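Peer 1: File name work.txt; file contents compact mmCIF, N, CA and C atoms; full text below.
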```txt
# COMPACT_ATOMS: atom_id res chain seq x y z
N MET V 1 77.60 112.59 132.00
CA MET V 1 77.99 111.38 131.31
C MET V 1 78.48 110.35 132.30
N SER V 2 78.49 109.12 131.85
CA SER V 2 78.95 108.05 132.71
C SER V 2 80.48 108.01 132.73
N GLU V 3 81.04 107.38 133.74
CA GLU V 3 82.49 107.23 133.83
C GLU V 3 83.01 106.45 132.63
N PHE V 4 82.24 105.44 132.21
CA PHE V 4 82.61 104.64 131.04
C PHE V 4 82.77 105.54 129.81
N SER V 5 81.78 106.38 129.56
CA SER V 5 81.84 107.27 128.40
C SER V 5 82.94 108.30 128.53
N ASP V 6 83.17 108.80 129.73
CA ASP V 6 84.24 109.78 129.95
C ASP V 6 85.61 109.20 129.60
N ASN V 7 85.82 107.90 129.85
CA ASN V 7 87.10 107.26 129.59
C ASN V 7 87.38 107.04 128.11
N LEU V 8 86.38 107.19 127.26
CA LEU V 8 86.58 106.95 125.84
C LEU V 8 87.54 107.95 125.21
N HIS V 9 87.67 109.14 125.78
CA HIS V 9 88.64 110.11 125.27
C HIS V 9 90.05 109.53 125.36
N GLU V 10 90.34 108.83 126.45
CA GLU V 10 91.64 108.19 126.61
C GLU V 10 91.77 106.97 125.70
N VAL V 11 90.71 106.18 125.63
CA VAL V 11 90.73 104.97 124.80
C VAL V 11 91.10 105.33 123.36
N PHE V 12 90.50 106.38 122.83
CA PHE V 12 90.70 106.74 121.43
C PHE V 12 91.72 107.86 121.21
N GLU V 13 92.59 108.11 122.19
CA GLU V 13 93.54 109.21 122.08
C GLU V 13 94.46 109.09 120.87
N ARG V 14 94.79 107.89 120.44
CA ARG V 14 95.67 107.73 119.27
C ARG V 14 94.90 107.74 117.96
N PHE V 15 93.60 107.68 118.04
CA PHE V 15 92.75 107.80 116.85
C PHE V 15 92.53 109.27 116.51
N GLY V 16 92.23 110.04 117.53
CA GLY V 16 91.97 111.46 117.32
C GLY V 16 90.95 111.97 118.31
N ARG V 17 90.65 113.24 118.20
CA ARG V 17 89.71 113.88 119.11
C ARG V 17 88.30 113.34 118.88
N ILE V 18 87.63 113.06 119.97
CA ILE V 18 86.24 112.59 119.90
C ILE V 18 85.36 113.48 120.76
N ALA V 19 84.07 113.39 120.49
CA ALA V 19 83.06 114.05 121.32
C ALA V 19 82.04 112.97 121.68
N VAL V 20 81.59 112.99 122.90
CA VAL V 20 80.61 112.02 123.37
C VAL V 20 79.34 112.80 123.73
N ARG V 21 78.23 112.41 123.11
CA ARG V 21 76.96 113.10 123.35
C ARG V 21 75.90 112.11 123.77
N ARG V 22 75.11 112.53 124.73
CA ARG V 22 74.00 111.70 125.22
C ARG V 22 72.93 111.61 124.13
N MET V 23 72.50 110.39 123.84
CA MET V 23 71.44 110.18 122.85
C MET V 23 70.95 108.74 122.91
N PHE V 24 69.75 108.51 122.46
CA PHE V 24 69.16 107.17 122.38
C PHE V 24 69.20 106.41 123.69
N GLY V 25 69.17 107.08 124.81
CA GLY V 25 69.28 106.39 126.09
C GLY V 25 70.69 105.92 126.38
N GLY V 26 71.63 106.31 125.53
CA GLY V 26 73.05 105.97 125.70
C GLY V 26 73.87 107.17 125.30
N HIS V 27 74.96 106.92 124.59
CA HIS V 27 75.84 107.99 124.14
C HIS V 27 76.31 107.71 122.73
N GLY V 28 76.35 108.75 121.91
CA GLY V 28 76.96 108.66 120.59
C GLY V 28 78.39 109.14 120.70
N VAL V 29 79.29 108.50 119.95
CA VAL V 29 80.70 108.89 119.95
C VAL V 29 81.00 109.43 118.56
N PHE V 30 81.48 110.67 118.50
CA PHE V 30 81.67 111.38 117.25
C PHE V 30 83.14 111.76 117.03
N HIS V 31 83.51 111.79 115.77
CA HIS V 31 84.82 112.29 115.35
C HIS V 31 84.56 113.16 114.13
N GLU V 32 85.05 114.36 114.16
CA GLU V 32 84.85 115.32 113.07
C GLU V 32 83.38 115.42 112.66
N GLY V 33 82.51 115.41 113.66
CA GLY V 33 81.09 115.61 113.43
C GLY V 33 80.31 114.39 112.98
N ARG V 34 80.96 113.25 112.81
CA ARG V 34 80.26 112.03 112.38
C ARG V 34 80.31 110.99 113.48
N MET V 35 79.18 110.32 113.66
CA MET V 35 79.09 109.28 114.68
C MET V 35 79.72 108.00 114.15
N PHE V 36 80.69 107.46 114.90
CA PHE V 36 81.35 106.22 114.50
C PHE V 36 81.22 105.13 115.55
N ALA V 37 80.64 105.48 116.69
CA ALA V 37 80.48 104.50 117.77
C ALA V 37 79.32 104.93 118.65
N LEU V 38 78.84 103.98 119.43
CA LEU V 38 77.81 104.30 120.42
C LEU V 38 78.04 103.47 121.67
N VAL V 39 77.54 103.99 122.76
CA VAL V 39 77.61 103.31 124.05
C VAL V 39 76.19 103.06 124.50
N ALA V 40 75.90 101.81 124.81
CA ALA V 40 74.58 101.43 125.31
C ALA V 40 74.75 100.31 126.33
N SER V 41 74.07 100.44 127.44
CA SER V 41 74.11 99.43 128.50
C SER V 41 75.55 99.08 128.90
N GLY V 42 76.40 100.11 128.96
CA GLY V 42 77.77 99.89 129.42
C GLY V 42 78.66 99.17 128.42
N ARG V 43 78.25 99.13 127.15
CA ARG V 43 79.05 98.47 126.12
C ARG V 43 79.33 99.45 124.98
N LEU V 44 80.50 99.30 124.38
CA LEU V 44 80.91 100.13 123.26
C LEU V 44 80.66 99.37 121.96
N TYR V 45 79.99 100.02 121.03
CA TYR V 45 79.72 99.45 119.71
C TYR V 45 80.33 100.36 118.65
N LEU V 46 80.91 99.75 117.61
CA LEU V 46 81.54 100.50 116.53
C LEU V 46 80.76 100.33 115.24
N LYS V 47 80.76 101.36 114.41
CA LYS V 47 80.02 101.38 113.15
C LYS V 47 80.52 100.28 112.22
N THR V 48 79.57 99.57 111.61
CA THR V 48 79.91 98.52 110.66
C THR V 48 79.13 98.70 109.36
N ASP V 49 79.65 98.08 108.33
CA ASP V 49 78.96 98.05 107.03
C ASP V 49 79.43 96.79 106.30
N ALA V 50 79.05 96.65 105.06
CA ALA V 50 79.39 95.45 104.29
C ALA V 50 80.90 95.25 104.16
N GLN V 51 81.66 96.33 104.19
CA GLN V 51 83.11 96.22 103.99
C GLN V 51 83.89 95.85 105.25
N ASN V 52 83.39 96.17 106.43
CA ASN V 52 84.16 95.86 107.64
C ASN V 52 83.47 94.87 108.58
N ARG V 53 82.23 94.52 108.30
CA ARG V 53 81.45 93.65 109.20
C ARG V 53 82.13 92.31 109.45
N ALA V 54 82.78 91.75 108.43
CA ALA V 54 83.42 90.44 108.57
C ALA V 54 84.48 90.44 109.68
N ALA V 55 85.20 91.54 109.85
CA ALA V 55 86.22 91.62 110.91
C ALA V 55 85.58 91.47 112.29
N PHE V 56 84.40 92.01 112.46
CA PHE V 56 83.69 91.92 113.74
C PHE V 56 83.09 90.53 113.92
N GLU V 57 82.49 90.02 112.86
CA GLU V 57 81.86 88.71 112.94
C GLU V 57 82.88 87.60 113.14
N ALA V 58 84.07 87.74 112.53
CA ALA V 58 85.13 86.74 112.71
C ALA V 58 85.56 86.62 114.16
N ARG V 59 85.41 87.70 114.91
CA ARG V 59 85.76 87.70 116.34
C ARG V 59 84.57 87.33 117.22
N GLY V 60 83.41 87.09 116.60
CA GLY V 60 82.21 86.76 117.37
C GLY V 60 81.63 87.94 118.12
N LEU V 61 81.88 89.15 117.63
CA LEU V 61 81.39 90.36 118.30
C LEU V 61 79.95 90.61 117.88
N PRO V 62 79.04 90.68 118.85
CA PRO V 62 77.61 90.78 118.52
C PRO V 62 77.20 92.17 118.02
N PRO V 63 76.16 92.20 117.20
CA PRO V 63 75.64 93.49 116.73
C PRO V 63 74.85 94.17 117.83
N PHE V 64 74.68 95.48 117.69
CA PHE V 64 73.83 96.24 118.60
C PHE V 64 72.38 95.95 118.23
N GLU V 65 71.62 95.49 119.20
CA GLU V 65 70.21 95.19 119.00
C GLU V 65 69.40 95.88 120.09
N TYR V 66 68.15 96.19 119.75
CA TYR V 66 67.25 96.78 120.73
C TYR V 66 65.82 96.38 120.38
N ALA V 67 64.94 96.47 121.37
CA ALA V 67 63.54 96.13 121.16
C ALA V 67 62.82 97.31 120.54
N ARG V 68 62.07 97.02 119.46
CA ARG V 68 61.32 98.06 118.77
C ARG V 68 59.98 97.49 118.34
N GLN V 69 58.93 98.02 118.93
CA GLN V 69 57.56 97.59 118.62
C GLN V 69 57.41 96.08 118.71
N GLY V 70 57.93 95.51 119.78
CA GLY V 70 57.80 94.09 120.03
C GLY V 70 58.73 93.19 119.23
N ALA V 71 59.62 93.77 118.46
CA ALA V 71 60.57 92.98 117.67
C ALA V 71 61.99 93.45 117.98
N THR V 72 62.94 92.65 117.58
CA THR V 72 64.33 93.01 117.77
C THR V 72 64.83 93.72 116.52
N ALA V 73 65.36 94.92 116.71
CA ALA V 73 65.92 95.70 115.61
C ALA V 73 67.43 95.73 115.75
N ARG V 74 68.12 95.77 114.63
CA ARG V 74 69.58 95.85 114.62
C ARG V 74 70.01 97.14 113.93
N MET V 75 71.09 97.66 114.44
CA MET V 75 71.71 98.81 113.78
C MET V 75 73.08 98.35 113.26
N ASN V 76 73.66 99.12 112.38
CA ASN V 76 74.97 98.76 111.81
C ASN V 76 76.10 99.14 112.76
N TYR V 77 76.08 98.53 113.92
CA TYR V 77 77.12 98.68 114.92
C TYR V 77 77.36 97.31 115.54
N HIS V 78 78.61 96.99 115.82
CA HIS V 78 78.97 95.75 116.50
C HIS V 78 79.80 96.09 117.72
N GLU V 79 79.73 95.22 118.71
CA GLU V 79 80.48 95.45 119.94
C GLU V 79 81.97 95.51 119.64
N ALA V 80 82.66 96.40 120.31
CA ALA V 80 84.11 96.54 120.15
C ALA V 80 84.81 95.41 120.89
N PRO V 81 85.95 94.95 120.37
CA PRO V 81 86.70 93.92 121.09
C PRO V 81 87.25 94.47 122.41
N ALA V 82 87.37 93.61 123.38
CA ALA V 82 87.79 94.02 124.73
C ALA V 82 89.16 94.69 124.75
N GLU V 83 90.06 94.29 123.85
CA GLU V 83 91.42 94.84 123.90
C GLU V 83 91.50 96.33 123.57
N VAL V 84 90.45 96.92 123.02
CA VAL V 84 90.51 98.36 122.75
C VAL V 84 90.65 99.16 124.05
N PHE V 85 90.23 98.57 125.16
CA PHE V 85 90.31 99.28 126.43
C PHE V 85 91.69 99.19 127.08
N ASP V 86 92.53 98.28 126.58
CA ASP V 86 93.86 98.08 127.16
C ASP V 86 94.99 98.49 126.22
N ASP V 87 94.71 98.55 124.93
CA ASP V 87 95.75 98.78 123.93
C ASP V 87 95.32 99.94 123.03
N ARG V 88 95.98 101.09 123.17
CA ARG V 88 95.59 102.29 122.43
C ARG V 88 95.78 102.13 120.93
N GLU V 89 96.79 101.36 120.51
CA GLU V 89 96.99 101.12 119.08
C GLU V 89 95.84 100.28 118.51
N GLU V 90 95.42 99.27 119.24
CA GLU V 90 94.28 98.46 118.81
C GLU V 90 93.01 99.31 118.78
N ALA V 91 92.86 100.17 119.77
CA ALA V 91 91.68 101.06 119.80
C ALA V 91 91.67 101.94 118.56
N ALA V 92 92.82 102.49 118.19
CA ALA V 92 92.90 103.34 117.00
C ALA V 92 92.61 102.54 115.74
N ARG V 93 93.10 101.31 115.67
CA ARG V 93 92.87 100.47 114.49
C ARG V 93 91.38 100.17 114.31
N TRP V 94 90.72 99.77 115.39
CA TRP V 94 89.29 99.47 115.31
C TRP V 94 88.47 100.74 115.08
N ALA V 95 88.89 101.85 115.66
CA ALA V 95 88.19 103.12 115.44
C ALA V 95 88.28 103.52 113.98
N ARG V 96 89.44 103.29 113.35
CA ARG V 96 89.58 103.62 111.92
C ARG V 96 88.65 102.77 111.07
N LEU V 97 88.50 101.49 111.42
CA LEU V 97 87.54 100.63 110.69
C LEU V 97 86.14 101.22 110.78
N ALA V 98 85.75 101.63 111.98
CA ALA V 98 84.42 102.20 112.19
C ALA V 98 84.29 103.56 111.51
N TRP V 99 85.34 104.37 111.59
CA TRP V 99 85.33 105.69 110.97
C TRP V 99 85.16 105.57 109.45
N ASP V 100 85.88 104.63 108.86
CA ASP V 100 85.75 104.42 107.41
C ASP V 100 84.31 104.03 107.05
N ALA V 101 83.68 103.20 107.87
CA ALA V 101 82.28 102.83 107.62
C ALA V 101 81.38 104.05 107.75
N ALA V 102 81.65 104.90 108.73
CA ALA V 102 80.85 106.12 108.90
C ALA V 102 81.00 107.03 107.68
N LEU V 103 82.20 107.13 107.14
CA LEU V 103 82.42 107.95 105.96
C LEU V 103 81.69 107.36 104.75
N ARG V 104 81.74 106.05 104.60
CA ARG V 104 81.04 105.41 103.47
C ARG V 104 79.53 105.59 103.58
N ALA V 105 79.02 105.64 104.80
CA ALA V 105 77.57 105.77 105.01
C ALA V 105 77.07 107.19 104.78
N ALA V 106 77.99 108.15 104.80
CA ALA V 106 77.59 109.55 104.63
C ALA V 106 77.04 109.76 103.23
N LYS V 107 75.95 110.48 103.17
CA LYS V 107 75.36 110.81 101.87
C LYS V 107 76.22 111.86 101.19
N PRO V 108 76.51 111.66 99.91
CA PRO V 108 77.32 112.67 99.23
C PRO V 108 76.56 113.99 99.12
N ALA V 109 77.30 115.07 99.24
CA ALA V 109 76.69 116.40 99.13
C ALA V 109 76.25 116.63 97.69
N ARG V 110 75.11 117.29 97.55
CA ARG V 110 74.64 117.64 96.21
C ARG V 110 75.48 118.79 95.70
N PRO V 111 75.74 118.81 94.41
CA PRO V 111 76.51 119.95 93.85
C PRO V 111 75.77 121.26 94.10
N ALA V 112 76.52 122.34 94.28
CA ALA V 112 75.93 123.65 94.58
C ALA V 112 74.95 124.08 93.49
N ALA V 113 75.24 123.80 92.23
CA ALA V 113 74.34 124.20 91.14
C ALA V 113 72.99 123.52 91.26
N ALA V 114 72.98 122.25 91.66
CA ALA V 114 71.72 121.53 91.81
C ALA V 114 70.91 122.10 92.96
N LYS V 115 71.59 122.51 94.03
CA LYS V 115 70.89 123.10 95.16
C LYS V 115 70.25 124.42 94.76
N GLN V 116 70.99 125.25 94.04
CA GLN V 116 70.46 126.55 93.63
C GLN V 116 69.33 126.40 92.64
N GLY V 117 69.44 125.44 91.73
CA GLY V 117 68.42 125.24 90.73
C GLY V 117 67.12 124.72 91.29
N SER V 118 67.17 124.09 92.45
CA SER V 118 65.96 123.53 93.04
C SER V 118 65.20 124.53 93.90
N ALA V 119 65.80 125.69 94.13
CA ALA V 119 65.14 126.70 94.96
C ALA V 119 63.97 127.33 94.21
N ARG V 120 62.89 127.58 94.91
CA ARG V 120 61.72 128.25 94.31
C ARG V 120 61.96 129.74 94.25
N ARG V 121 61.43 130.34 93.20
CA ARG V 121 61.58 131.79 93.05
C ARG V 121 60.27 132.46 93.20
```
Now, as a test, write the supplied structure out as structure tokens.

Peer 2:
Amino acid sequence: MSEFSDNLHEVFERFGRIAVRRMFGGHGVFHEGRMFALVASGRLYLKTDAQNRAAFEARGLPPFEYARQGATARMNYHEAPAEVFDDREEAARWARLAWDAALRAAKPARPAAAKQGSARR
């Protein structure tokens, strides 16, 4: 992993335990098994959705974009504000915003009865 990604454990120490995994040519940042942030091109991006996106846009924080089949594609991640690297409380606050978006994006589990009923016999 890169030194930048290695330092994220310290950045998010007041948020909670994280895991950083190499993926997508960058790194995914996970908490309790869910991805809430990503690192690409030396920048940290946090998960966004309709409920928290305004906080990022109000600060002028750009979305994560990449080239896909000759077009620009966007993912629901926005760049983290610079102060997360200097202020652990701010890092935890922004991480919670992203974590909440990750939880909202999670597909609800199907009830056990529905899973059993769909099995072929």

Peer 1: Between V:Ala73, V:Ala98, V:Leu8, V:Leu103, which one has atoms that come closest to Leu46 in chain V, using all atoms listed in the file?

Peer 2: V:Ala98

Peer 1: Considering only helix (DSSP H, G or I) as DSSP defines it on the backbone, what residues of chain V qualify? List them as a count of residues only.

Peer 2: 42

Peer 1: Skip Phe15 in chain V itself and residues of its chain fewer than 2 positions away, then list as a PyMOL selection string all residues within 7 Å of it, counting only N, CA and C atoms.

Peer 2: chain V and resi 11-13+17+88+91-93+95-96

Peer 1: Once you add 4 Å to each side, what are the centre and edge lengths of the axis-aligned box holding all listed atoms of range 38-44 of chain V? One decimal in Å, as AutoDock Vina command-line options, if you can.

Peer 2:
```
--center_x 77.5 --center_y 101.4 --center_z 124.4 --size_x 14.8 --size_y 13.8 --size_z 18.0
```

Peer 1: For the atom pair CA of Val39 in chain V and CA of His27 in chain V, what is the interatomic distance in Å to one decimal place?

Peer 2: 5.0 Å

Peer 1: Counting all atoms listed in the file, figure out which residue out of V:Gly70, V:Gly33, V:Pro63, V:Gly25 gets nearest to Tyr45 in chain V.

Peer 2: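 Comparing V:Gly70, V:Gly33, V:Pro63, V:Gly25 against Tyr45 in chain V, the winner is V:Pro63.
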
Peer 1: Please indicate the distance in Å from CA of Arg22 in chain V to CA of Met35 in chain V, rounded to one decimal place.

Peer 2: 12.0 Å

Peer 1: Let me make sure I understand: among V:Ala106, V:Trp94, V:Glu89, V:Glu79, which one has the smallest atom-to-atom distance to Phe64 in chain V if we use all atoms listed in the file?

Peer 2: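 When distances to Phe64 in chain V are compared using all atoms listed in the file, the smallest one comes from V:Glu79.
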
Peer 1: V:Arg53, V:Leu97, V:Tyr66, V:Asn7: which is nearest Phe36 in chain V, counting all atoms listed in the file?

Peer 2: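 Ranking V:Arg53, V:Leu97, V:Tyr66, V:Asn7 by distance to Phe36 in chain V, first place goes to V:Leu97.
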
Peer 1: As an exercise, work out the distance from atom C of Pro62 in chain V to CA of Ser5 in chain V in Å and give it to one decimal place.

Peer 2: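 Distance reported for this atom pair: 18.9 Å.
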
Peer 1: Among chain V, which residues does DSSP mark as strand (DSSP E) when it is run on the backbone? Keep the chain and numbering as in the structure and answer as a PyMOL selection string.

Peer 2: chain V and resi 19-23+26-31+34-40+43-47+63-68+71-79

Peer 1: Got a sec to check which residues sit within 7 Å of (78.9, 95.0, 111.8), counting all atoms listed in the file, and write them as a VMD selection string?

Peer 2: chain V and resid 46 to 50 52 to 54 56 to 57 63 75 to 79

Peer 1: Go through V:Lys107, V:Arg14, V:Ser41, V:Phe24 and flag the residue nearest Val84 in chain V, using only C-alpha atoms for the distances.

Peer 2: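 Closest residue, counting only C-alpha atoms: V:Arg14.
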
Peer 1: Could you pull the residues within 6 Å of Val29 in chain V, counting only C-alpha atoms, minus those fewer than 2 positions along the same chain, as a ChimeraX atom specification?

Peer 2: /V:19-20,35,37-38
